[in-house]
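J.: Structure file input-v4.cif (mmCIF, C-alpha atoms and all ligand atoms) right here:
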data_coords
loop_
_atom_site.label_atom_id
_atom_site.label_comp_id
_atom_site.auth_asym_id
_atom_site.auth_seq_id
_atom_site.Cartn_x
_atom_site.Cartn_y
_atom_site.Cartn_z
CA MET A 1 -3.49 22.70 1.34
CA GLU A 2 0.14 21.95 1.98
CA ALA A 3 -0.34 21.36 5.66
CA GLU A 4 0.60 17.76 5.73
CA GLY A 5 -1.47 15.42 7.80
CA ALA A 6 -4.05 18.07 8.38
CA THR A 7 -6.59 16.59 6.06
CA GLY A 8 -6.49 13.00 7.07
CA TRP A 9 -4.68 10.18 8.70
CA LYS A 10 -2.19 9.18 6.04
CA LYS A 11 -1.81 9.40 2.34
CA CYS A 12 -2.45 6.59 -0.05
CA SER A 13 0.91 5.19 -1.13
CA ALA A 14 -0.25 5.00 -4.71
CA CYS A 15 -2.47 7.95 -5.56
CA LYS A 16 -1.52 10.17 -2.59
CA LYS A 17 -5.12 10.84 -1.79
CA SER A 18 -5.56 11.24 1.91
CA ILE A 19 -7.04 8.45 3.96
CA ASP A 20 -9.37 9.89 6.55
CA PHE A 21 -9.35 9.12 10.21
CA GLY A 22 -11.58 6.20 10.89
CA ALA A 23 -11.82 5.32 7.21
CA ALA A 24 -11.29 1.93 5.70
CA TYR A 25 -8.04 1.45 3.87
CA TYR A 26 -6.03 -1.43 2.51
CA VAL A 27 -2.66 -2.88 3.20
CA CYS A 28 -0.68 -5.55 1.43
CA ASN A 29 -0.51 -8.91 3.14
CA VAL A 30 3.19 -9.19 2.41
CA SER A 31 5.26 -8.34 5.45
CA THR A 32 7.90 -6.37 3.60
CA CYS A 33 5.22 -3.95 2.53
CA ASN A 34 4.30 -3.40 6.16
CA ARG A 35 7.64 -2.66 7.75
CA LYS A 36 7.60 0.40 9.87
CA ARG A 37 9.66 2.35 7.40
CA THR A 38 8.12 1.26 4.17
CA ALA A 39 4.60 0.75 5.42
CA LEU A 40 2.33 1.02 2.45
CA GLN A 41 -1.29 1.86 2.75
CA PHE A 42 -3.83 2.27 0.04
CA CYS A 43 -7.12 4.06 -0.22
CA ASP A 44 -8.53 1.39 -2.45
CA VAL A 45 -7.86 -2.11 -3.70
CA SER A 46 -7.15 -0.71 -7.15
CA CYS A 47 -4.41 1.42 -5.61
CA TRP A 48 -3.02 -1.65 -3.90
CA GLU A 49 -2.80 -3.28 -7.30
CA VAL A 50 -0.61 -0.46 -8.50
CA HIS A 51 2.35 -1.58 -6.40
CA LEU A 52 2.18 -5.21 -7.52
CA PRO A 53 4.26 -4.96 -10.69
CA VAL A 54 7.00 -3.26 -8.69
CA ALA A 55 6.88 -5.49 -5.66
CA ARG A 56 6.57 -8.75 -7.57
CA HIS A 57 5.11 -10.73 -4.73
CA ARG A 58 4.74 -14.40 -5.24
CA GLU A 59 1.41 -14.43 -3.52
CA SER A 60 -0.38 -11.42 -2.21
CA TRP A 61 -3.70 -9.95 -1.40
CA ALA A 62 -5.09 -6.75 -0.02
CA GLU A 63 -6.29 -6.64 3.54
CA GLU A 64 -8.82 -4.17 4.73
CA ARG A 65 -7.97 -2.09 7.76
CA ARG A 66 -9.52 0.83 9.49
CA ALA A 67 -7.63 4.01 10.16
CA PRO A 68 -7.55 5.14 13.78
CA SER A 69 -9.66 8.02 14.89
CA GLN A 70 -7.92 11.34 15.19
CA ALA A 71 -7.73 11.05 18.96
CA GLU A 72 -6.39 7.54 18.73
CA ALA A 73 -3.76 8.55 16.20
CA ALA A 74 -2.64 11.43 18.39
CA ARG A 75 -2.33 9.13 21.35
CA LEU A 76 -0.25 6.67 19.37
CA ALA A 77 2.01 9.42 18.09
CA ALA A 78 2.47 10.76 21.60
CA ALA A 79 3.28 7.33 22.94
CA GLU A 80 5.82 6.82 20.22
CA ALA A 81 7.43 10.19 20.79
CA SER A 82 7.75 9.68 24.51
CA GLY A 83 9.86 6.59 24.19
CA GLN A 84 10.05 3.65 21.86
CA SER A 85 8.92 1.19 24.44
CA ALA A 86 5.45 2.49 24.72
CA PRO A 87 3.35 -0.05 26.54
CA ARG A 88 1.83 -2.30 24.01
CA LYS A 89 -1.85 -2.25 24.20
CA PRO A 90 -3.25 -5.71 24.08
CA ARG A 91 -4.77 -6.27 20.69
CA ARG A 92 -8.26 -7.21 21.42
CA ILE A 93 -9.20 -8.34 17.98
CA ILE A 94 -7.57 -11.69 18.45
CA ALA A 95 -9.74 -14.30 19.97
CA GLU A 96 -12.05 -11.96 21.74
CA LYS A 97 -14.41 -13.78 23.94
CA LYS A 98 -17.85 -12.44 24.36
CA SER A 99 -20.48 -13.84 26.55
CA THR A 100 -23.73 -12.58 25.21
CA PRO A 101 -26.14 -15.40 25.68
CA ALA A 102 -29.00 -13.01 25.09
CA ALA A 103 -31.05 -12.81 21.96
CA SER A 104 -29.04 -13.18 18.80
CA PRO A 105 -29.68 -10.55 16.16
CA PRO A 106 -32.29 -11.21 13.52
CA GLY A 107 -30.88 -13.11 10.64
CA ALA A 108 -28.58 -15.13 12.84
CA GLY A 109 -28.63 -18.85 13.01
CA GLY A 110 -29.76 -19.42 9.47
CA GLY A 111 -29.33 -23.13 9.77
CA ALA A 112 -29.53 -25.91 12.24
CA SER A 113 -26.30 -25.67 14.16
CA SER A 114 -25.30 -28.63 16.22
CA GLU A 115 -22.36 -27.07 18.08
CA SER A 116 -24.59 -25.81 20.81
CA ALA A 117 -22.19 -24.34 23.35
CA LEU A 118 -20.48 -21.96 20.98
CA PRO A 119 -22.05 -18.64 20.06
CA GLN A 120 -23.73 -18.86 16.71
CA GLU A 121 -24.31 -15.21 16.11
CA VAL A 122 -23.61 -13.25 12.99
CA LEU A 123 -19.92 -12.53 12.59
CA ILE A 124 -20.16 -10.44 9.48
CA VAL A 125 -20.55 -6.69 9.52
CA ALA A 126 -23.70 -6.45 7.47
CA SER A 127 -23.21 -2.87 6.31
CA ARG A 128 -19.70 -3.54 5.08
CA LEU A 129 -20.69 -6.67 3.24
CA LYS A 130 -23.59 -4.90 1.60
CA GLU A 131 -21.33 -2.06 0.67
CA TYR A 132 -18.90 -4.47 -0.89
CA ILE A 133 -21.49 -6.37 -2.87
CA ARG A 134 -23.02 -3.15 -4.05
CA ALA A 135 -19.65 -1.80 -5.13
CA SER A 136 -18.70 -5.02 -6.82
CA SER A 137 -21.94 -5.76 -8.60
CA GLY A 138 -24.55 -3.15 -7.89
CA TYR A 139 -26.63 -5.88 -6.30
CA LYS A 140 -28.47 -5.78 -3.07
CA THR A 141 -27.83 -8.24 -0.28
CA SER A 142 -30.35 -10.22 1.68
CA GLU A 143 -29.99 -10.15 5.44
CA ARG A 144 -30.10 -13.94 5.35
CA VAL A 145 -26.73 -14.15 3.66
CA LEU A 146 -25.13 -13.31 6.97
CA GLY A 147 -25.99 -16.59 8.67
CA PRO A 148 -24.35 -18.99 6.22
CA LEU A 149 -21.43 -16.63 5.69
CA SER A 150 -20.87 -16.52 9.42
CA ASP A 151 -20.86 -20.30 9.45
CA ILE A 152 -18.06 -20.25 6.91
CA VAL A 153 -16.11 -17.76 9.01
CA ARG A 154 -16.59 -20.00 12.03
CA GLU A 155 -15.31 -22.99 10.10
CA ILE A 156 -12.24 -21.09 9.02
CA ALA A 157 -11.76 -19.82 12.57
CA GLU A 158 -11.84 -23.38 13.85
CA GLU A 159 -9.22 -24.38 11.34
CA ALA A 160 -7.08 -21.43 12.38
CA ILE A 161 -7.47 -22.48 16.01
CA ARG A 162 -6.30 -25.97 15.12
CA ASN A 163 -3.30 -24.52 13.33
CA ALA A 164 -2.41 -22.35 16.33
CA ARG A 165 -2.77 -25.31 18.63
CA ALA A 166 -0.60 -27.46 16.41
CA ASP A 167 2.00 -24.75 16.73
CA GLY A 168 1.72 -24.72 20.51
CA ARG A 169 0.29 -21.22 20.60
CA MET A 170 -2.74 -19.92 22.41
CA THR A 171 -3.05 -16.93 20.16
CA VAL A 172 -4.49 -17.26 16.72
CA LEU A 173 -2.32 -15.39 14.26
CA ASP A 174 -3.01 -14.27 10.77
CA ARG A 175 -0.82 -17.02 9.40
CA ASP A 176 -3.07 -19.60 11.02
CA VAL A 177 -5.88 -18.62 8.75
CA PRO A 178 -5.99 -21.02 5.83
CA LYS A 179 -5.14 -19.39 2.58
CA ASN A 180 -7.81 -18.64 0.09
CA PRO A 181 -7.74 -21.67 -2.21
CA ARG A 182 -7.65 -19.71 -5.42
CA ARG A 183 -4.97 -20.09 -7.99
ZN ZN B 201 -5.19 5.58 -3.63
ZN ZN B 202 2.95 -5.57 -1.31
#
Output the file's structure as structure tokens, nothing else.
T.:
Amino acid sequence: MEAEGATGWKKCSACKKSIDFGAAYYVCNVSTCNRKRTALQFCDVSCWEVHLPVARHRESWAEERRAPSQAEAARLAAAEASGQSAPRKPRRIIAEKKSTPAASPPGAGGGASSESALPQEVLIVASRLKEYIRASSGYKTSERVLGPLSDIVREIAEEAIRNARADGRMTVLDRDVPKNPRR
């Protein structure tokens, strides 16, 4: 199987295993590891750890991403080939506003929330969280974890919004997100 790119989206920078289209993968938070030319991607957090002794980052963490679908990847490649200034698609992940005042999913709103106007729905992808907890510990996860966890995400989001505002921006960037207070 020497046909490169035929089996998946990209290859893991560490173990060279292929990362499938649509699969989760990991990148380094450090910008130099994400330059177009050097762009590192890893199939797993343990593979991300492999580059640390070489890179010697002062502070770093792995960020989960999702590989594009095959169609999406082809479209991106085509856009890139047909001229560098391919129209930038607006990145919808940032500050997406959703007006779904309808029923919130079961498990939402675990606690009494006083900020009434804002949506208080679950912000955590349950399956991914469960997957993570299972992988990390073998434990199961109660549906009710999602409510309080979402509250934490909301709190952090609010702080990020404040940081963006303090910077005079109306787009929340990754650097606005407060760093994980672990050291
Ligand atoms: Zn790997
Ligand atoms: Zn790195």
J.: Just checking: using all atoms listed in the file, which residue out of A:Ala126, A:Leu40, A:Ala164, A:Ala14 ends up closest to ligand ZN 201 (chain B)?
T.: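 That would be A:Ala14, the residue with the smallest distance to ligand ZN 201 (chain B).
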J.: Tell me which of A:Val27, A:Ala117, A:Cys43, A:Ala71 sits closest to ligand ZN 201 (chain B), counting all atoms listed in the file.
T.: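 Answer, going by the shortest atom-to-atom distance: A:Cys43.
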J.: All residues within 7 Å of ligand ZN 201 (chain B) are required, counting only C-alpha atoms and all ligand atoms; please report them as a ChimeraX atom specification.
T.: /A:12-17,42-44,47
J.: If I take atom CA of A:Glu64 and atom CA of A:Ala24, how far is one from the other in Å, to one decimal?
T.: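 Separating atom CA of A:Glu64 from atom CA of A:Ala24 is a distance of 6.7 Å.
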J.: For ligand ZN 202 (chain B), return the neighbouring residues as number ranges by chain (distance at most 12 Å; only C-alpha atoms and all ligand atoms).
T.: A: 13-14, 26-35, 38-42, 45, 47-63
J.: Could you check which of A:Ser18, A:Pro119, A:Ala73, A:Arg66 is closest to A:Arg154, using only C-alpha atoms?
T.: A:Pro119
J.: Quick one: residues within 9 Å of A:Ala67, only C-alpha atoms, excluding same-chain residues fewer than 3 positions away - as a list in words?
T.: Trp9, Lys10, Ile19, Asp20, Phe21, Gly22, Ala23, Ala24, Tyr25, Gln70 and Ala73 of chain A
J.: What is the atom CA of A:Leu146-atom CA of A:Ser69 distance in Å, reported with one decimal?
T.: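 The value is 27.5 Å.
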J.: Find the axis-aligned box for stretch 62-66 of chain A, covering all its listed atoms and adding 3 Å on each side, and write its centre and edge lengths in Å to one decimal as lines of an AutoDock Vina configuration file.
T.:
center_x = -7.3
center_y = -3.0
center_z = 4.7
size_x = 10.4
size_y = 13.6
size_z = 15.5
